[in-house]
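**Student:** Before I ask anything, here is the structure I am working with.
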Amino acid sequence: MRGKKAAGMRGRTRSIAFVGLTIALMGVSAWVAIPFGPVLLTLQMFALMFALLALTPRECLAAIAGYLALGAVGLPMFSGMRGGIGMLLGPTGGYLWGYMLAAAAALAVRAALRRALGGGASGGRLAGRRAWAVDLAACLVFIVVTYTCGCVQYAAVVGVDLAAAFAVTIAPFAIPDLVKAVAAVACARAVTRAVGRR
């Protein structure tokens, strides 16, 4: 009984550590920014998709919620080393709060695809390809939902139509974010193999 309790405590401590490290990774990745008009090109999407695949669903959502909360209270967690509730309400704030919706949708799609494909537990190359395809599909769902939230808020706050908002907030970032998705799948699978996650 005591051994089970100790093992449970170790598991919770490990989980908290993973969430804390992921929040830090999200913050640091947002600081690596290249100006692309009103929206900065950062490594943040990579960090978020990595969390989506490397953490458990509960840990992933906790990490994103913690990241947004820390940024909202003013810590420099967002792109350009900025923070504050104004970032969530501003032209590009839809991308930030959209992360939670996108993660929930992507995790649901990932779980559904895993069930439909039998969990990919049969081994071999086909199973590996299936696992890659499922993880990549989850990342694409994450990107689409994030883009939708960001584009709609940008159009509403700036006062432009969705086509103009798309040209500014999505078109320049689509290919870089697809590359980040592939990199996130590769890195997450390597990490999970190394530390036994997921």
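Lettering and numbering for the structure tokens are positional, with chains as A, B, ... in the shown order, residues counted from 1 in each chain, and ligands counted from 1 in the shown order.
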Each residue of range 147-171 of chain A with at least one atom at most 6 Å from range 82-94 of chain A should appear once, together with its nearest atom pair and the corresponding distance in Å (one decimal); atoms considered: only C-alpha atoms; ordering: chain, then increasing residue number; output as CSV.
**Tutor:**
residue,atom,partner,partner_atom,distance
A:Cys149,CA,A:Gly94,CA,5.0
A:Gly150,CA,A:Gly94,CA,3.9
A:Gln153,CA,A:Gly94,CA,5.3
A:Tyr154,CA,A:Pro91,CA,4.4
A:Val157,CA,A:Pro91,CA,5.4
**Student:** For Leu140 in chain A, please output as a list in words all residues within 10 Å (counting only C-alpha atoms; exclusion window: fewer than 5 positions along the same chain).
**Tutor:**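 Non-adjacent residues within range: Met49, Ala102, Ala106, Val134, Asp135, Val145, Thr146, Asp177, Leu178, Ala181 and Val182 of chain A.
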**Student:** Which residues are close to Met45 in chain A, i.e. within 9 Å by only C-alpha atoms, leaving aside same-chain residues fewer than 2 positions away? Reply as a VMD selection string.
**Tutor:** chain A and resid 26 29 to 30 42 to 43 47 to 50 143 177 180 to 181 184
**Student:** Write out the residues from the selection above, keeping N, CA, C and O atoms, as an mmCIF file, in the first residue's frame.
**Tutor:**
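Listed below is the output, again20.cif:
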data_model
loop_
_atom_site.group_PDB
_atom_site.id
_atom_site.type_symbol
_atom_site.label_atom_id
_atom_site.label_comp_id
_atom_site.auth_asym_id
_atom_site.auth_seq_id
_atom_site.Cartn_x
_atom_site.Cartn_y
_atom_site.Cartn_z
ATOM 1 N N MET A 26 7.051 26.730 -24.114
ATOM 2 C CA MET A 26 6.124 27.577 -24.882
ATOM 3 C C MET A 26 6.520 29.045 -24.801
ATOM 4 O O MET A 26 6.497 29.771 -25.800
ATOM 5 N N SER A 29 9.816 29.642 -26.750
ATOM 6 C CA SER A 29 9.601 29.523 -28.199
ATOM 7 C C SER A 29 8.889 30.742 -28.769
ATOM 8 O O SER A 29 9.077 31.088 -29.940
ATOM 9 N N ALA A 30 8.087 31.400 -27.945
ATOM 10 C CA ALA A 30 7.399 32.615 -28.408
ATOM 11 C C ALA A 30 8.356 33.791 -28.539
ATOM 12 O O ALA A 30 8.067 34.751 -29.257
ATOM 13 N N THR A 42 6.925 32.702 -35.088
ATOM 14 C CA THR A 42 7.656 32.200 -33.928
ATOM 15 C C THR A 42 7.752 30.673 -33.983
ATOM 16 O O THR A 42 7.177 30.028 -34.869
ATOM 17 N N LEU A 43 8.435 30.100 -33.007
ATOM 18 C CA LEU A 43 8.500 28.646 -32.864
ATOM 19 C C LEU A 43 7.390 28.112 -31.961
ATOM 20 O O LEU A 43 7.375 26.941 -31.608
ATOM 21 N N ALA A 47 6.179 24.228 -30.418
ATOM 22 C CA ALA A 47 6.146 23.848 -29.008
ATOM 23 C C ALA A 47 4.774 23.329 -28.605
ATOM 24 O O ALA A 47 4.656 22.350 -27.859
ATOM 25 N N LEU A 48 3.725 23.963 -29.100
ATOM 26 C CA LEU A 48 2.368 23.545 -28.754
ATOM 27 C C LEU A 48 2.029 22.191 -29.361
ATOM 28 O O LEU A 48 1.423 21.339 -28.700
ATOM 29 N N MET A 49 2.406 21.977 -30.599
ATOM 30 C CA MET A 49 2.128 20.675 -31.222
ATOM 31 C C MET A 49 2.972 19.577 -30.587
ATOM 32 O O MET A 49 2.515 18.438 -30.442
ATOM 33 N N PHE A 50 4.178 19.906 -30.192
ATOM 34 C CA PHE A 50 5.013 18.948 -29.468
ATOM 35 C C PHE A 50 4.317 18.534 -28.168
ATOM 36 O O PHE A 50 4.243 17.348 -27.833
ATOM 37 N N ILE A 143 -3.678 23.241 -36.150
ATOM 38 C CA ILE A 143 -3.353 24.412 -36.964
ATOM 39 C C ILE A 143 -4.621 25.070 -37.507
ATOM 40 O O ILE A 143 -4.795 26.290 -37.424
ATOM 41 N N ASP A 177 4.262 26.490 -40.804
ATOM 42 C CA ASP A 177 3.599 25.738 -39.745
ATOM 43 C C ASP A 177 3.446 24.261 -40.112
ATOM 44 O O ASP A 177 3.455 23.393 -39.233
ATOM 45 N N LYS A 180 6.710 22.849 -39.195
ATOM 46 C CA LYS A 180 6.771 22.698 -37.739
ATOM 47 C C LYS A 180 5.975 21.473 -37.284
ATOM 48 O O LYS A 180 6.367 20.791 -36.328
ATOM 49 N N ALA A 181 4.862 21.197 -37.959
ATOM 50 C CA ALA A 181 4.053 20.033 -37.596
ATOM 51 C C ALA A 181 4.836 18.744 -37.802
ATOM 52 O O ALA A 181 4.846 17.856 -36.938
ATOM 53 N N ALA A 184 7.449 18.552 -35.150
ATOM 54 C CA ALA A 184 6.867 18.239 -33.845
ATOM 55 C C ALA A 184 6.564 16.762 -33.721
ATOM 56 O O ALA A 184 6.808 16.151 -32.665
#
**Student:** Need to verify the contact set: Ile170 in chain A, 12 Å, only C-alpha atoms, exclusion of same-chain residues closer than 2 positions in sequence. Can you return it as number ranges by chain?
**Tutor:** A: 36-41, 92, 95, 143-152, 154-155, 162-168, 172-178
**Student:** Store the residues picked out above, limited to N, CA and C atoms, as a short mmCIF file (atom, residue, chain, number, x, y, z; two decimals), in the first residue's frame.
**Tutor:**
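File selection.cif, as written:
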data_model
loop_
_atom_site.label_atom_id
_atom_site.label_comp_id
_atom_site.auth_asym_id
_atom_site.auth_seq_id
_atom_site.Cartn_x
_atom_site.Cartn_y
_atom_site.Cartn_z
N PHE A 36 6.52 39.31 -39.46
CA PHE A 36 5.83 38.98 -40.71
C PHE A 36 4.58 39.85 -40.77
N GLY A 37 4.73 41.15 -40.77
CA GLY A 37 3.58 42.03 -40.70
C GLY A 37 3.09 42.12 -39.26
N PRO A 38 1.77 42.19 -39.06
CA PRO A 38 1.24 42.33 -37.70
C PRO A 38 1.37 41.06 -36.86
N VAL A 39 1.60 39.92 -37.51
CA VAL A 39 1.74 38.65 -36.80
C VAL A 39 3.20 38.21 -36.89
N LEU A 40 3.76 37.82 -35.74
CA LEU A 40 5.16 37.40 -35.73
C LEU A 40 5.26 35.91 -36.00
N LEU A 41 6.26 35.52 -36.80
CA LEU A 41 6.56 34.11 -37.03
C LEU A 41 7.44 33.64 -35.89
N THR A 92 -4.28 39.92 -32.53
CA THR A 92 -3.77 38.55 -32.67
C THR A 92 -4.11 37.66 -31.48
N TYR A 95 -5.36 33.85 -31.71
CA TYR A 95 -4.42 32.74 -31.81
C TYR A 95 -4.10 32.19 -30.42
N ILE A 143 -3.68 23.24 -36.15
CA ILE A 143 -3.35 24.41 -36.96
C ILE A 143 -4.62 25.07 -37.51
N VAL A 144 -5.54 24.27 -38.05
CA VAL A 144 -6.76 24.82 -38.67
C VAL A 144 -7.62 25.54 -37.63
N VAL A 145 -7.81 24.94 -36.47
CA VAL A 145 -8.65 25.58 -35.44
C VAL A 145 -7.98 26.86 -34.93
N THR A 146 -6.67 26.80 -34.71
CA THR A 146 -5.95 27.99 -34.26
C THR A 146 -6.06 29.11 -35.29
N TYR A 147 -5.85 28.77 -36.55
CA TYR A 147 -5.96 29.76 -37.62
C TYR A 147 -7.36 30.38 -37.67
N THR A 148 -8.38 29.55 -37.52
CA THR A 148 -9.75 30.04 -37.59
C THR A 148 -10.02 31.06 -36.49
N CYS A 149 -9.64 30.73 -35.26
CA CYS A 149 -9.84 31.65 -34.13
C CYS A 149 -9.06 32.94 -34.34
N GLY A 150 -7.80 32.80 -34.77
CA GLY A 150 -6.96 33.97 -34.96
C GLY A 150 -7.45 34.87 -36.08
N CYS A 151 -7.86 34.28 -37.18
CA CYS A 151 -8.31 35.05 -38.34
C CYS A 151 -9.60 35.80 -38.03
N VAL A 152 -10.54 35.12 -37.36
CA VAL A 152 -11.83 35.75 -37.05
C VAL A 152 -11.63 36.93 -36.10
N TYR A 154 -8.86 38.70 -35.61
CA TYR A 154 -8.13 39.76 -36.30
C TYR A 154 -9.08 40.57 -37.17
N ALA A 155 -9.95 39.90 -37.92
CA ALA A 155 -10.90 40.60 -38.78
C ALA A 155 -11.83 41.48 -37.96
N LEU A 162 -12.80 38.79 -43.90
CA LEU A 162 -12.05 37.56 -43.62
C LEU A 162 -10.99 37.28 -44.68
N ALA A 163 -11.26 37.68 -45.93
CA ALA A 163 -10.28 37.45 -46.99
C ALA A 163 -9.00 38.25 -46.73
N ALA A 164 -9.18 39.51 -46.33
CA ALA A 164 -8.01 40.34 -46.01
C ALA A 164 -7.29 39.81 -44.78
N ALA A 165 -8.05 39.38 -43.78
CA ALA A 165 -7.44 38.82 -42.58
C ALA A 165 -6.68 37.54 -42.91
N PHE A 166 -7.23 36.71 -43.78
CA PHE A 166 -6.56 35.48 -44.20
C PHE A 166 -5.22 35.80 -44.86
N ALA A 167 -5.21 36.79 -45.73
CA ALA A 167 -3.99 37.14 -46.45
C ALA A 167 -2.88 37.60 -45.51
N VAL A 168 -3.27 38.23 -44.40
CA VAL A 168 -2.28 38.78 -43.46
C VAL A 168 -1.89 37.77 -42.38
N PRO A 172 0.89 33.71 -45.04
CA PRO A 172 2.36 33.67 -44.92
C PRO A 172 2.88 32.57 -44.00
N PHE A 173 2.00 32.00 -43.17
CA PHE A 173 2.45 31.08 -42.13
C PHE A 173 2.11 29.62 -42.40
N ALA A 174 1.31 29.35 -43.43
CA ALA A 174 0.83 27.99 -43.64
C ALA A 174 1.96 27.00 -43.87
N ILE A 175 2.85 27.31 -44.80
CA ILE A 175 3.94 26.36 -45.09
C ILE A 175 4.90 26.23 -43.92
N PRO A 176 5.37 27.33 -43.29
CA PRO A 176 6.22 27.16 -42.10
C PRO A 176 5.57 26.33 -41.01
N ASP A 177 4.26 26.49 -40.80
CA ASP A 177 3.60 25.74 -39.74
C ASP A 177 3.45 24.26 -40.11
N LEU A 178 3.31 23.95 -41.38
CA LEU A 178 3.30 22.55 -41.80
C LEU A 178 4.65 21.91 -41.54
#
**Student:** CA of Ala104 in chain A to CA of Ala51 in chain A: how many Å, to one decimal?
**Tutor:**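 Taking CA of Ala104 in chain A and CA of Ala51 in chain A, their separation equals 12.2 Å.
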**Student:** I need the strand (DSSP E) residues of chain A per DSSP on the backbone, written as a compact mmCIF listing (two decimals) with all heavy atoms, in the first residue's frame.
**Tutor:**
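Saved as result_31.txt:
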# COMPACT_ATOMS: atom_id res chain seq x y z
N ALA A 33 11.25 35.21 -32.56
CA ALA A 33 10.24 35.78 -33.45
C ALA A 33 10.87 36.50 -34.64
O ALA A 33 11.88 37.18 -34.51
CB ALA A 33 9.36 36.75 -32.67
N ILE A 34 10.22 36.33 -35.80
CA ILE A 34 10.60 37.03 -37.02
C ILE A 34 9.39 37.85 -37.46
O ILE A 34 8.29 37.30 -37.62
CB ILE A 34 10.99 36.05 -38.14
CG1 ILE A 34 12.17 35.18 -37.70
CG2 ILE A 34 11.32 36.80 -39.43
CD1 ILE A 34 12.48 34.04 -38.65
N PRO A 35 9.52 39.16 -37.63
CA PRO A 35 8.36 39.98 -38.02
C PRO A 35 7.82 39.57 -39.39
O PRO A 35 8.57 39.46 -40.36
CB PRO A 35 8.93 41.40 -38.07
CG PRO A 35 10.16 41.35 -37.22
CD PRO A 35 10.72 39.96 -37.39
N PHE A 36 6.52 39.31 -39.46
CA PHE A 36 5.83 38.98 -40.71
C PHE A 36 4.58 39.85 -40.77
O PHE A 36 3.47 39.34 -40.77
CB PHE A 36 5.45 37.50 -40.71
CG PHE A 36 6.22 36.65 -41.66
CD1 PHE A 36 7.58 36.44 -41.49
CD2 PHE A 36 5.60 36.06 -42.74
CE1 PHE A 36 8.29 35.64 -42.35
CE2 PHE A 36 6.30 35.25 -43.63
CZ PHE A 36 7.66 35.05 -43.43
N VAL A 39 1.60 39.92 -37.51
CA VAL A 39 1.74 38.65 -36.80
C VAL A 39 3.20 38.21 -36.89
O VAL A 39 3.79 38.22 -37.96
CB VAL A 39 0.82 37.56 -37.40
CG1 VAL A 39 0.93 36.27 -36.61
CG2 VAL A 39 -0.62 38.04 -37.44
N LEU A 40 3.76 37.82 -35.74
CA LEU A 40 5.16 37.40 -35.73
C LEU A 40 5.26 35.91 -36.00
O LEU A 40 4.47 35.11 -35.50
CB LEU A 40 5.78 37.71 -34.36
CG LEU A 40 5.87 39.19 -33.98
CD1 LEU A 40 6.43 39.33 -32.57
CD2 LEU A 40 6.72 39.96 -34.96
N LEU A 41 6.26 35.52 -36.80
CA LEU A 41 6.56 34.11 -37.03
C LEU A 41 7.44 33.64 -35.89
O LEU A 41 8.54 34.13 -35.69
CB LEU A 41 7.28 33.93 -38.37
CG LEU A 41 7.74 32.51 -38.70
CD1 LEU A 41 6.54 31.58 -38.84
CD2 LEU A 41 8.56 32.51 -39.98
N THR A 42 6.93 32.70 -35.09
CA THR A 42 7.66 32.20 -33.93
C THR A 42 7.75 30.67 -33.98
O THR A 42 7.18 30.03 -34.87
CB THR A 42 6.95 32.59 -32.61
OG1 THR A 42 5.74 31.83 -32.49
CG2 THR A 42 6.63 34.08 -32.58
**Student:** For Ser15 in chain A, which residue among A:Thr56, A:Val158, A:Leu70, A:Ala138 is the nearest when counting only C-alpha atoms?
**Tutor:**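 That would be A:Thr56, the residue with the smallest distance to Ser15 in chain A.
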**Student:** For the structure I just gave you, how does DSSP split range 42-157 of chain A - specifically, which residues are helix (DSSP H, G or I)? Reply as a count of residues only.
**Tutor:** 96
**Student:** So which one's closest to Leu61 in chain A, A:Thr22, A:Thr13, A:Gln44, A:Thr192? Using only C-alpha atoms, please.
**Tutor:**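 Answer, going by the shortest atom-to-atom distance: A:Thr22.
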**Student:** Restricting the calculation to only C-alpha atoms, which member of A:Gly159, A:Gly128, A:Gly98, A:Gly27 is positioned closest to Ser79 in chain A?
**Tutor:** A:Gly27
**Student:** Could you tell me how far CA of Ala194 in chain A lies from CA of Ile23 in chain A, in Å and to one decimal?
**Tutor:**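 Value for the CA of Ala194 in chain A-CA of Ile23 in chain A distance: 20.4 Å.
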**Student:** Could you check which of A:Arg110, A:Thr169, A:Ala190, A:Ala105 is closest to Leu136 in chain A, using only C-alpha atoms?
**Tutor:**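 Using only C-alpha atoms, Leu136 in chain A sits closest to A:Arg110.
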